[in-house]
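Novice: My structure is in input.tsv, and what it holds is TSV, N, CA and C atoms:
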chain	number	residue	atom	x	y	z
A	1	MET	N	15.08	10.93	0.76
A	1	MET	CA	14.18	9.83	0.45
A	1	MET	C	12.93	10.39	-0.22
A	2	ASN	N	12.46	9.68	-1.22
A	2	ASN	CA	11.29	10.09	-1.97
A	2	ASN	C	10.04	9.44	-1.37
A	3	PHE	N	9.23	10.21	-0.67
A	3	PHE	CA	8.03	9.69	-0.01
A	3	PHE	C	6.82	9.76	-0.94
A	4	THR	N	6.85	8.97	-2.00
A	4	THR	CA	5.73	8.97	-2.94
A	4	THR	C	5.18	7.56	-3.09
A	5	TYR	N	4.03	7.47	-3.72
A	5	TYR	CA	3.41	6.18	-4.03
A	5	TYR	C	2.97	6.24	-5.49
A	6	PRO	N	3.93	6.13	-6.42
A	6	PRO	CA	3.60	6.28	-7.84
A	6	PRO	C	2.84	5.08	-8.39
A	7	LYS	N	2.26	5.25	-9.56
A	7	LYS	CA	1.46	4.20	-10.19
A	7	LYS	C	2.26	2.93	-10.44
A	8	ASN	N	3.55	3.07	-10.76
A	8	ASN	CA	4.34	1.88	-11.07
A	8	ASN	C	4.66	1.03	-9.83
A	9	GLU	N	4.33	1.52	-8.63
A	9	GLU	CA	4.50	0.72	-7.41
A	9	GLU	C	3.21	0.02	-7.01
A	10	ARG	N	2.13	0.28	-7.72
A	10	ARG	CA	0.83	-0.30	-7.37
A	10	ARG	C	0.70	-1.69	-7.98
A	11	LEU	N	0.20	-2.59	-7.20
A	11	LEU	CA	0.00	-3.97	-7.64
A	11	LEU	C	-1.35	-4.05	-8.35
A	12	LYS	N	-1.31	-4.31	-9.68
A	12	LYS	CA	-2.53	-4.34	-10.46
A	12	LYS	C	-2.71	-5.64	-11.24
A	13	SER	N	-1.65	-6.36	-11.47
A	13	SER	CA	-1.70	-7.55	-12.31
A	13	SER	C	-2.49	-8.67	-11.66
A	14	ASN	N	-3.52	-9.15	-12.34
A	14	ASN	CA	-4.33	-10.24	-11.81
A	14	ASN	C	-3.52	-11.51	-11.63
A	15	THR	N	-2.60	-11.79	-12.55
A	15	THR	CA	-1.78	-13.00	-12.43
A	15	THR	C	-0.86	-12.92	-11.22
A	16	THR	N	-0.27	-11.74	-10.99
A	16	THR	CA	0.60	-11.56	-9.82
A	16	THR	C	-0.19	-11.69	-8.53
A	17	ILE	N	-1.39	-11.12	-8.51
A	17	ILE	CA	-2.22	-11.18	-7.31
A	17	ILE	C	-2.65	-12.62	-7.02
A	18	SER	N	-3.04	-13.36	-8.06
A	18	SER	CA	-3.44	-14.75	-7.84
A	18	SER	C	-2.25	-15.61	-7.41
A	19	LEU	N	-1.06	-15.34	-7.94
A	19	LEU	CA	0.14	-16.05	-7.48
A	19	LEU	C	0.45	-15.70	-6.02
A	20	LEU	N	0.22	-14.46	-5.66
A	20	LEU	CA	0.43	-14.04	-4.26
A	20	LEU	C	-0.42	-14.88	-3.32
A	21	PHE	N	-1.69	-15.06	-3.66
A	21	PHE	CA	-2.58	-15.81	-2.78
A	21	PHE	C	-2.33	-17.30	-2.82
A	22	SER	N	-1.85	-17.83	-3.94
A	22	SER	CA	-1.62	-19.27	-4.02
A	22	SER	C	-0.24	-19.67	-3.49
A	23	GLU	N	0.78	-18.86	-3.74
A	23	GLU	CA	2.15	-19.23	-3.37
A	23	GLU	C	2.80	-18.31	-2.35
A	24	GLY	N	2.12	-17.22	-1.99
A	24	GLY	CA	2.73	-16.23	-1.12
A	24	GLY	C	2.82	-16.67	0.34
A	25	LYS	N	3.69	-16.00	1.05
A	25	LYS	CA	3.84	-16.22	2.49
A	25	LYS	C	3.23	-15.02	3.20
A	26	SER	N	2.96	-15.19	4.49
A	26	SER	CA	2.25	-14.16	5.21
A	26	SER	C	2.95	-13.81	6.52
A	27	VAL	N	2.81	-12.56	6.92
A	27	VAL	CA	3.30	-12.11	8.22
A	27	VAL	C	2.22	-11.17	8.78
A	28	SER	N	1.97	-11.26	10.10
A	28	SER	CA	0.90	-10.48	10.70
A	28	SER	C	1.36	-9.72	11.93
A	29	LYS	N	0.73	-8.60	12.14
A	29	LYS	CA	0.85	-7.82	13.37
A	29	LYS	C	-0.52	-7.20	13.57
A	30	TYR	N	-1.31	-7.79	14.47
A	30	TYR	CA	-2.71	-7.42	14.62
A	30	TYR	C	-2.88	-5.92	14.60
A	31	PRO	N	-3.79	-5.41	13.83
A	31	PRO	CA	-4.79	-6.00	12.94
A	31	PRO	C	-4.34	-6.03	11.47
A	32	LEU	N	-3.05	-5.88	11.23
A	32	LEU	CA	-2.55	-5.82	9.85
A	32	LEU	C	-1.96	-7.16	9.43
A	33	ARG	N	-2.04	-7.45	8.13
A	33	ARG	CA	-1.44	-8.66	7.58
A	33	ARG	C	-0.78	-8.31	6.26
A	34	LEU	N	0.38	-8.89	6.02
A	34	LEU	CA	1.13	-8.65	4.80
A	34	LEU	C	1.37	-9.99	4.12
A	35	VAL	N	0.87	-10.16	2.91
A	35	VAL	CA	1.13	-11.36	2.12
A	35	VAL	C	2.18	-10.96	1.09
A	36	TYR	N	3.24	-11.73	0.98
A	36	TYR	CA	4.33	-11.36	0.09
A	36	TYR	C	4.83	-12.54	-0.72
A	37	ARG	N	5.47	-12.20	-1.82
A	37	ARG	CA	6.06	-13.19	-2.70
A	37	ARG	C	7.19	-12.49	-3.45
A	38	GLN	N	8.30	-13.18	-3.59
A	38	GLN	CA	9.41	-12.61	-4.34
A	38	GLN	C	9.00	-12.49	-5.81
A	39	ALA	N	9.21	-11.31	-6.38
A	39	ALA	CA	8.81	-11.05	-7.76
A	39	ALA	C	9.91	-11.51	-8.72
A	40	GLU	N	9.61	-11.42	-10.01
A	40	GLU	CA	10.59	-11.78	-11.02
A	40	GLU	C	11.79	-10.84	-10.93
A	41	VAL	N	12.96	-11.36	-11.26
A	41	VAL	CA	14.20	-10.59	-11.14
A	41	VAL	C	14.20	-9.39	-12.09
A	42	ASP	N	13.58	-9.52	-13.25
A	42	ASP	CA	13.60	-8.43	-14.23
A	42	ASP	C	12.57	-7.33	-13.93
A	43	SER	N	11.94	-7.40	-12.77
A	43	SER	CA	10.95	-6.41	-12.38
A	43	SER	C	11.61	-5.03	-12.23
A	44	ALA	N	10.96	-4.00	-12.77
A	44	ALA	CA	11.52	-2.65	-12.74
A	44	ALA	C	11.50	-2.04	-11.34
A	45	GLU	N	10.49	-2.37	-10.58
A	45	GLU	CA	10.35	-1.81	-9.23
A	45	GLU	C	10.76	-2.83	-8.18
A	46	LYS	N	11.32	-2.34	-7.06
A	46	LYS	CA	11.69	-3.25	-5.98
A	46	LYS	C	10.46	-3.75	-5.23
A	47	ILE	N	9.43	-2.92	-5.18
A	47	ILE	CA	8.21	-3.29	-4.44
A	47	ILE	C	6.99	-2.92	-5.26
A	48	LYS	N	6.05	-3.84	-5.31
A	48	LYS	CA	4.72	-3.56	-5.84
A	48	LYS	C	3.75	-3.92	-4.73
A	49	ILE	N	2.88	-2.99	-4.36
A	49	ILE	CA	2.02	-3.22	-3.21
A	49	ILE	C	0.56	-2.87	-3.53
A	50	GLY	N	-0.33	-3.67	-2.97
A	50	GLY	CA	-1.76	-3.41	-3.05
A	50	GLY	C	-2.33	-3.40	-1.64
A	51	VAL	N	-3.44	-2.71	-1.44
A	51	VAL	CA	-4.07	-2.66	-0.12
A	51	VAL	C	-5.50	-3.17	-0.21
A	52	SER	N	-5.99	-3.74	0.89
A	52	SER	CA	-7.33	-4.28	0.90
A	52	SER	C	-7.94	-4.17	2.29
A	53	VAL	N	-9.23	-3.85	2.31
A	53	VAL	CA	-10.00	-3.82	3.55
A	53	VAL	C	-11.25	-4.64	3.27
A	54	SER	N	-11.56	-5.58	4.15
A	54	SER	CA	-12.63	-6.53	3.92
A	54	SER	C	-14.02	-5.91	4.05
A	55	LYS	N	-14.87	-6.30	3.12
A	55	LYS	CA	-16.27	-5.90	3.16
A	55	LYS	C	-16.99	-6.55	4.34
A	56	LYS	N	-16.42	-7.65	4.81
A	56	LYS	CA	-16.98	-8.37	5.95
A	56	LYS	C	-16.99	-7.47	7.20
A	57	TYR	N	-15.93	-6.67	7.37
A	57	TYR	CA	-15.81	-5.84	8.56
A	57	TYR	C	-16.40	-4.44	8.38
A	58	PHE	N	-16.31	-3.90	7.17
A	58	PHE	CA	-16.83	-2.56	6.91
A	58	PHE	C	-17.78	-2.63	5.72
A	59	LYS	N	-19.07	-2.57	6.00
A	59	LYS	CA	-20.08	-2.72	4.95
A	59	LYS	C	-20.11	-1.51	4.02
A	60	LYS	N	-19.87	-0.33	4.56
A	60	LYS	CA	-19.96	0.88	3.75
A	60	LYS	C	-18.63	1.14	3.03
A	61	ALA	N	-18.71	1.44	1.74
A	61	ALA	CA	-17.53	1.71	0.93
A	61	ALA	C	-16.74	2.91	1.47
A	62	VAL	N	-17.44	3.87	2.05
A	62	VAL	CA	-16.79	5.05	2.62
A	62	VAL	C	-15.78	4.63	3.69
A	63	ASP	N	-16.20	3.71	4.56
A	63	ASP	CA	-15.32	3.24	5.63
A	63	ASP	C	-14.14	2.45	5.08
A	64	ARG	N	-14.41	1.56	4.10
A	64	ARG	CA	-13.33	0.78	3.49
A	64	ARG	C	-12.32	1.70	2.81
A	65	ASN	N	-12.82	2.68	2.09
A	65	ASN	CA	-11.92	3.61	1.39
A	65	ASN	C	-11.08	4.42	2.36
A	66	TYR	N	-11.66	4.81	3.50
A	66	TYR	CA	-10.89	5.54	4.51
A	66	TYR	C	-9.70	4.71	4.99
A	67	PHE	N	-9.95	3.44	5.34
A	67	PHE	CA	-8.86	2.62	5.85
A	67	PHE	C	-7.85	2.26	4.76
A	68	LYS	N	-8.30	2.15	3.52
A	68	LYS	CA	-7.35	1.93	2.42
A	68	LYS	C	-6.45	3.15	2.25
A	69	ARG	N	-7.01	4.34	2.37
A	69	ARG	CA	-6.19	5.56	2.29
A	69	ARG	C	-5.17	5.61	3.42
A	70	VAL	N	-5.60	5.22	4.62
A	70	VAL	CA	-4.69	5.22	5.77
A	70	VAL	C	-3.56	4.21	5.55
A	71	LEU	N	-3.89	3.02	5.05
A	71	LEU	CA	-2.87	2.00	4.78
A	71	LEU	C	-1.87	2.48	3.73
A	72	ARG	N	-2.37	3.10	2.66
A	72	ARG	CA	-1.47	3.61	1.62
A	72	ARG	C	-0.57	4.70	2.17
A	73	GLU	N	-1.12	5.55	3.02
A	73	GLU	CA	-0.34	6.64	3.60
A	73	GLU	C	0.74	6.11	4.55
A	74	THR	N	0.41	5.14	5.38
A	74	THR	CA	1.42	4.59	6.29
A	74	THR	C	2.51	3.86	5.50
A	75	TYR	N	2.11	3.18	4.41
A	75	TYR	CA	3.12	2.55	3.55
A	75	TYR	C	4.04	3.62	2.94
A	76	ARG	N	3.43	4.67	2.40
A	76	ARG	CA	4.18	5.73	1.72
A	76	ARG	C	5.22	6.36	2.64
A	77	LEU	N	4.84	6.58	3.89
A	77	LEU	CA	5.76	7.23	4.83
A	77	LEU	C	6.81	6.28	5.40
A	78	ASN	N	6.56	4.97	5.34
A	78	ASN	CA	7.48	4.01	5.94
A	78	ASN	C	8.12	3.06	4.94
A	79	LYS	N	7.92	3.29	3.65
A	79	LYS	CA	8.46	2.36	2.67
A	79	LYS	C	9.98	2.35	2.63
A	80	HIS	N	10.60	3.42	3.12
A	80	HIS	CA	12.07	3.45	3.17
A	80	HIS	C	12.62	2.32	4.03
A	81	LEU	N	11.86	1.88	5.04
A	81	LEU	CA	12.29	0.74	5.86
A	81	LEU	C	12.46	-0.50	4.99
A	82	LEU	N	11.56	-0.69	4.05
A	82	LEU	CA	11.60	-1.85	3.16
A	82	LEU	C	12.67	-1.69	2.08
A	83	LEU	N	12.64	-0.55	1.40
A	83	LEU	CA	13.54	-0.34	0.25
A	83	LEU	C	15.01	-0.39	0.64
A	84	ASP	N	15.33	0.09	1.83
A	84	ASP	CA	16.73	0.10	2.28
A	84	ASP	C	17.23	-1.26	2.71
A	85	ASN	N	16.32	-2.21	2.97
A	85	ASN	CA	16.74	-3.47	3.59
A	85	ASN	C	16.39	-4.73	2.82
A	86	ILE	N	15.91	-4.62	1.60
A	86	ILE	CA	15.63	-5.83	0.82
A	86	ILE	C	16.57	-5.90	-0.38
A	87	GLN	N	16.90	-7.14	-0.77
A	87	GLN	CA	17.81	-7.34	-1.88
A	87	GLN	C	17.08	-7.71	-3.17
A	88	HIS	N	15.89	-8.30	-3.07
A	88	HIS	CA	15.14	-8.77	-4.22
A	88	HIS	C	13.84	-8.00	-4.35
A	89	PRO	N	13.26	-7.95	-5.54
A	89	PRO	CA	11.94	-7.30	-5.68
A	89	PRO	C	10.84	-8.18	-5.09
A	90	TYR	N	9.83	-7.55	-4.50
A	90	TYR	CA	8.72	-8.27	-3.87
A	90	TYR	C	7.39	-7.71	-4.32
A	91	SER	N	6.40	-8.59	-4.37
A	91	SER	CA	5.00	-8.20	-4.54
A	91	SER	C	4.35	-8.35	-3.17
A	92	LEU	N	3.62	-7.33	-2.75
A	92	LEU	CA	3.03	-7.33	-1.41
A	92	LEU	C	1.54	-7.02	-1.49
A	93	MET	N	0.79	-7.60	-0.58
A	93	MET	CA	-0.62	-7.25	-0.41
A	93	MET	C	-0.80	-6.94	1.07
A	94	PHE	N	-1.36	-5.78	1.36
A	94	PHE	CA	-1.45	-5.23	2.71
A	94	PHE	C	-2.92	-5.23	3.12
A	95	PHE	N	-3.26	-5.90	4.24
A	95	PHE	CA	-4.65	-6.04	4.67
A	95	PHE	C	-4.90	-5.41	6.03
A	96	TYR	N	-6.09	-4.85	6.18
A	96	TYR	CA	-6.60	-4.39	7.47
A	96	TYR	C	-7.68	-5.38	7.86
A	97	GLN	N	-7.50	-6.11	8.97
A	97	GLN	CA	-8.38	-7.24	9.28
A	97	GLN	C	-9.01	-7.18	10.65
A	98	THR	N	-9.83	-6.18	10.90
A	98	THR	CA	-10.57	-6.13	12.15
A	98	THR	C	-11.73	-5.16	12.02
A	99	LYS	N	-12.72	-5.31	12.91
A	99	LYS	CA	-13.83	-4.36	12.95
A	99	LYS	C	-13.43	-3.10	13.71
A	100	ASP	N	-12.38	-3.22	14.53
A	100	ASP	CA	-11.96	-2.09	15.36
A	100	ASP	C	-11.50	-0.93	14.49
A	101	ARG	N	-11.90	0.26	14.88
A	101	ARG	CA	-11.52	1.46	14.14
A	101	ARG	C	-10.34	2.10	14.86
A	102	LEU	N	-9.14	1.66	14.49
A	102	LEU	CA	-7.94	2.19	15.11
A	102	LEU	C	-7.62	3.57	14.57
A	103	SER	N	-6.93	4.36	15.38
A	103	SER	CA	-6.54	5.70	14.94
A	103	SER	C	-5.35	5.58	13.96
A	104	TYR	N	-5.10	6.67	13.26
A	104	TYR	CA	-3.99	6.70	12.31
A	104	TYR	C	-2.67	6.37	13.01
A	105	GLU	N	-2.45	6.94	14.19
A	105	GLU	CA	-1.20	6.73	14.92
A	105	GLU	C	-0.99	5.26	15.27
A	106	GLU	N	-2.07	4.60	15.70
A	106	GLU	CA	-1.98	3.17	16.03
A	106	GLU	C	-1.67	2.35	14.79
A	107	ILE	N	-2.32	2.66	13.69
A	107	ILE	CA	-2.08	1.92	12.44
A	107	ILE	C	-0.66	2.15	11.96
A	108	ASN	N	-0.17	3.38	12.08
A	108	ASN	CA	1.20	3.69	11.67
A	108	ASN	C	2.21	2.90	12.50
A	109	THR	N	2.00	2.84	13.80
A	109	THR	CA	2.89	2.08	14.69
A	109	THR	C	2.87	0.61	14.32
A	110	LYS	N	1.70	0.06	14.09
A	110	LYS	CA	1.57	-1.36	13.72
A	110	LYS	C	2.22	-1.63	12.36
A	111	THR	N	2.12	-0.67	11.44
A	111	THR	CA	2.74	-0.83	10.13
A	111	THR	C	4.25	-0.93	10.25
A	112	ILE	N	4.84	-0.08	11.06
A	112	ILE	CA	6.29	-0.13	11.27
A	112	ILE	C	6.69	-1.47	11.87
A	113	GLN	N	5.95	-1.94	12.87
A	113	GLN	CA	6.24	-3.24	13.48
A	113	GLN	C	6.08	-4.38	12.47
A	114	LEU	N	5.06	-4.29	11.63
A	114	LEU	CA	4.83	-5.31	10.61
A	114	LEU	C	5.97	-5.33	9.59
A	115	PHE	N	6.43	-4.16	9.15
A	115	PHE	CA	7.53	-4.10	8.19
A	115	PHE	C	8.81	-4.67	8.80
A	116	GLU	N	9.06	-4.40	10.08
A	116	GLU	CA	10.25	-4.94	10.75
A	116	GLU	C	10.16	-6.46	10.84
A	117	LYS	N	8.98	-6.97	11.15
A	117	LYS	CA	8.77	-8.42	11.22
A	117	LYS	C	8.96	-9.05	9.83
A	118	PHE	N	8.46	-8.40	8.80
A	118	PHE	CA	8.63	-8.86	7.42
A	118	PHE	C	10.12	-8.92	7.06
A	119	LEU	N	10.86	-7.88	7.40
A	119	LEU	CA	12.29	-7.84	7.07
A	119	LEU	C	13.07	-8.93	7.79
A	120	LEU	N	12.69	-9.21	9.03
A	120	LEU	CA	13.34	-10.31	9.76
A	120	LEU	C	13.09	-11.63	9.06
A	121	GLN	N	11.89	-11.83	8.55
A	121	GLN	CA	11.54	-13.08	7.91
A	121	GLN	C	12.22	-13.24	6.55
A	122	VAL	N	12.32	-12.16	5.77
A	122	VAL	CA	12.91	-12.28	4.43
A	122	VAL	C	14.43	-12.28	4.46
A	123	ASN	N	15.01	-11.63	5.41
A	123	ASN	CA	16.47	-11.55	5.48
A	123	ASN	C	17.07	-12.63	6.37
A	124	LYS	N	16.24	-13.60	6.75
A	124	LYS	CA	16.70	-14.69	7.60
A	124	LYS	C	17.73	-15.53	6.85
A	125	ILE	N	18.84	-15.84	7.51
A	125	ILE	CA	19.87	-16.67	6.90
A	125	ILE	C	19.52	-18.14	7.15
A	126	PRO	N	19.45	-18.95	6.11
A	126	PRO	CA	19.16	-20.38	6.31
A	126	PRO	C	20.23	-21.05	7.18
A	127	ASP	N	19.83	-22.09	7.91
A	127	ASP	CA	20.74	-22.76	8.83
A	127	ASP	C	21.99	-23.30	8.13
A	128	SER	N	21.88	-23.78	6.90
A	128	SER	CA	23.02	-24.34	6.20
A	128	SER	C	24.10	-23.29	5.93
A	129	GLU	N	23.70	-22.03	5.70
A	129	GLU	CA	24.66	-20.96	5.46
A	129	GLU	C	25.18	-20.39	6.75
A	130	ASN	N	24.44	-20.55	7.84
A	130	ASN	CA	24.77	-19.96	9.11
A	130	ASN	C	25.92	-20.69	9.82
A	131	LYS	N	26.12	-21.96	9.49
A	131	LYS	CA	27.15	-22.75	10.18
A	131	LYS	C	28.53	-22.34	9.71
A	132	THR	N	29.45	-22.23	10.68
A	132	THR	CA	30.82	-21.87	10.33
A	132	THR	C	31.63	-23.13	10.11
A	133	GLU	N	32.58	-23.03	9.19
A	133	GLU	CA	33.40	-24.20	8.90
A	133	GLU	C	34.53	-24.32	9.92
A	134	SER	N	34.81	-25.56	10.33
A	134	SER	CA	35.86	-25.78	11.33
A	134	SER	C	37.16	-26.17	10.69
If you convert what's in this file into structure tokens, what do you get?

Specialist:
Amino acid sequence: MNFTYPKNERLKSNTTISLLFSEGKSVSKYPLRLVYRQAEVDSAEKIKIGVSVSKKYFKKAVDRNYFKRVLRETYRLNKHLLLDNIQHPYSLMFFYQTKDRLSYEEINTKTIQLFEKFLLQVNKIPDSENKTES
């Protein structure tokens, strides 16, 4: 498995980001939140992800940048959970939403739980397909 976070996996498009916030769905595992939206089928990458830490909780840019680095690192090390289990390309926005200064290990554990919760939600079989024919 390639544990990298290349430029082509970074979410930069303003139109994609605004669509994420207007039409995207959300999944949370305190203190992390993941907003996602299925991307266009012709997208080259399976996942495009951006990270954000609120200025409301961390006034100093140094602190925000630290938590953004931690979020990117936990994504980089655990992205195989997503890539191995999704069928469609997705745009994701990853948020750290608390004043609490959690350790790297705690954030990593929460990231894994969040990704598992996300996979359960996206790979859910609709009720109409779930019924067996008699």

Novice: Counting all atoms listed in the file, figure out which residue out of A:Leu119, A:Gln38, A:Lys55, A:Ile17 gets nearest to Leu81 in chain A.

Specialist: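 Selected residue with least distance to Leu81 in chain A: A:Leu119.
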
Novice: Skip range 108-114 of chain A itself and residues of its chain fewer than 2 positions away, then list as a list in words all residues within 10 Å of it, counting only C-alpha atoms.

Specialist: Val27, Ser28, Lys29, Tyr30, Pro31, Leu32, Arg33, Leu34, Val70, Leu71, Glu73, Thr74, Tyr75, Leu77, Asn78, Lys79, Leu81, Leu82, Phe94, Leu102, Ser103, Tyr104, Glu105, Glu106, Glu116, Lys117, Phe118, Leu119 and Leu120 of chain A

Novice: Generate the output file for the selected residues, N, CA and C atoms, as a short mmCIF file (atom, residue, chain, number, x, y, z; two decimals), in the coordinates of the input.

Specialist:
data_model
loop_
_atom_site.label_atom_id
_atom_site.label_comp_id
_atom_site.auth_asym_id
_atom_site.auth_seq_id
_atom_site.Cartn_x
_atom_site.Cartn_y
_atom_site.Cartn_z
N VAL A 27 2.81 -12.56 6.92
CA VAL A 27 3.30 -12.11 8.22
C VAL A 27 2.22 -11.17 8.78
N SER A 28 1.97 -11.26 10.10
CA SER A 28 0.90 -10.48 10.70
C SER A 28 1.36 -9.72 11.93
N LYS A 29 0.73 -8.60 12.14
CA LYS A 29 0.85 -7.82 13.37
C LYS A 29 -0.52 -7.20 13.57
N TYR A 30 -1.31 -7.79 14.47
CA TYR A 30 -2.71 -7.42 14.62
C TYR A 30 -2.88 -5.92 14.60
N PRO A 31 -3.79 -5.41 13.83
CA PRO A 31 -4.79 -6.00 12.94
C PRO A 31 -4.34 -6.03 11.47
N LEU A 32 -3.05 -5.88 11.23
CA LEU A 32 -2.55 -5.82 9.85
C LEU A 32 -1.96 -7.16 9.43
N ARG A 33 -2.04 -7.45 8.13
CA ARG A 33 -1.44 -8.66 7.58
C ARG A 33 -0.78 -8.31 6.26
N LEU A 34 0.38 -8.89 6.02
CA LEU A 34 1.13 -8.65 4.80
C LEU A 34 1.37 -9.99 4.12
N VAL A 70 -5.60 5.22 4.62
CA VAL A 70 -4.69 5.22 5.77
C VAL A 70 -3.56 4.21 5.55
N LEU A 71 -3.89 3.02 5.05
CA LEU A 71 -2.87 2.00 4.78
C LEU A 71 -1.87 2.48 3.73
N GLU A 73 -1.12 5.55 3.02
CA GLU A 73 -0.34 6.64 3.60
C GLU A 73 0.74 6.11 4.55
N THR A 74 0.41 5.14 5.38
CA THR A 74 1.42 4.59 6.29
C THR A 74 2.51 3.86 5.50
N TYR A 75 2.11 3.18 4.41
CA TYR A 75 3.12 2.55 3.55
C TYR A 75 4.04 3.62 2.94
N LEU A 77 4.84 6.58 3.89
CA LEU A 77 5.76 7.23 4.83
C LEU A 77 6.81 6.28 5.40
N ASN A 78 6.56 4.97 5.34
CA ASN A 78 7.48 4.01 5.94
C ASN A 78 8.12 3.06 4.94
N LYS A 79 7.92 3.29 3.65
CA LYS A 79 8.46 2.36 2.67
C LYS A 79 9.98 2.35 2.63
N LEU A 81 11.86 1.88 5.04
CA LEU A 81 12.29 0.74 5.86
C LEU A 81 12.46 -0.50 4.99
N LEU A 82 11.56 -0.69 4.05
CA LEU A 82 11.60 -1.85 3.16
C LEU A 82 12.67 -1.69 2.08
N PHE A 94 -1.36 -5.78 1.36
CA PHE A 94 -1.45 -5.23 2.71
C PHE A 94 -2.92 -5.23 3.12
N LEU A 102 -9.14 1.66 14.49
CA LEU A 102 -7.94 2.19 15.11
C LEU A 102 -7.62 3.57 14.57
N SER A 103 -6.93 4.36 15.38
CA SER A 103 -6.54 5.70 14.94
C SER A 103 -5.35 5.58 13.96
N TYR A 104 -5.10 6.67 13.26
CA TYR A 104 -3.99 6.70 12.31
C TYR A 104 -2.67 6.37 13.01
N GLU A 105 -2.45 6.94 14.19
CA GLU A 105 -1.20 6.73 14.92
C GLU A 105 -0.99 5.26 15.27
N GLU A 106 -2.07 4.60 15.70
CA GLU A 106 -1.98 3.17 16.03
C GLU A 106 -1.67 2.35 14.79
N GLU A 116 9.06 -4.40 10.08
CA GLU A 116 10.25 -4.94 10.75
C GLU A 116 10.16 -6.46 10.84
N LYS A 117 8.98 -6.97 11.15
CA LYS A 117 8.77 -8.42 11.22
C LYS A 117 8.96 -9.05 9.83
N PHE A 118 8.46 -8.40 8.80
CA PHE A 118 8.63 -8.86 7.42
C PHE A 118 10.12 -8.92 7.06
N LEU A 119 10.86 -7.88 7.40
CA LEU A 119 12.29 -7.84 7.07
C LEU A 119 13.07 -8.93 7.79
N LEU A 120 12.69 -9.21 9.03
CA LEU A 120 13.34 -10.31 9.76
C LEU A 120 13.09 -11.63 9.06
#

Novice: Between A:Arg72, A:Lys7, A:Lys25, A:Lys56, which is the closest to Thr98 in chain A once you count only C-alpha atoms?

Specialist: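 Smallest distance to Thr98 in chain A is found for A:Lys56.
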
Novice: DSSP on the backbone, strand (DSSP E) only: what residues of chain A does that give? Format it as number ranges by chain.

Specialist: A: 25-29, 32-38, 47-53, 90-96

Novice: CA of Ser26 in chain A to CA of Met93 in chain A: how many Å, to one decimal?

Specialist: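 One can read the CA of Ser26 in chain A to CA of Met93 in chain A distance as 9.4 Å.
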
Novice: Just need the box for range 55-59 of chain A, edges along x, y and z, holding every atom the file lists for it with 8 Å tacked onto each side, so centre and edge lengths in Å to one decimal, as AutoDock Vina command-line options.

Specialist:
--center_x -17.5 --center_y -4.9 --center_z 5.8 --size_x 21.2 --size_y 22.9 --size_z 21.4

Novice: Pick out the closest residue to Glu9 in chain A from this set: A:Ile107, A:Gln97, A:Leu92, A:Ile49. Count all atoms listed in the file.

Specialist: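 Answer, going by the shortest atom-to-atom distance: A:Ile49.
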
Novice: Find the residue from A:Lys60, A:Lys68, A:Lys46, A:Lys99 that sits nearest to Ile86 in chain A; use only N, CA and C atoms when measuring.

Specialist: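 Under the stated criterion, the closest residue is A:Lys46.
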
Novice: Using CA of Tyr57 in chain A and CA of Asp100 in chain A as the two end points, give the distance in Å to one decimal.

Specialist: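 Calculated distance between CA of Tyr57 in chain A and CA of Asp100 in chain A is 8.7 Å.
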
Novice: Between A:Pro89, A:Arg76, A:Leu19, A:Val62, single out the one closest to Tyr5 in chain A, counting only N, CA and C atoms.

Specialist: A:Arg76

Novice: Kindly give the distance, in Å, that separates CA of Gly50 in chain A and atom C of Val122 in chain A, rounded to a single decimal.

Specialist: 19.9 Å

Novice: So which one's closest to Ser18 in chain A, A:Arg69, A:Arg37, A:His88, A:Lys124? Using only C-alpha atoms, please.

Specialist: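 When distances to Ser18 in chain A are compared using only C-alpha atoms, the smallest one comes from A:Arg37.
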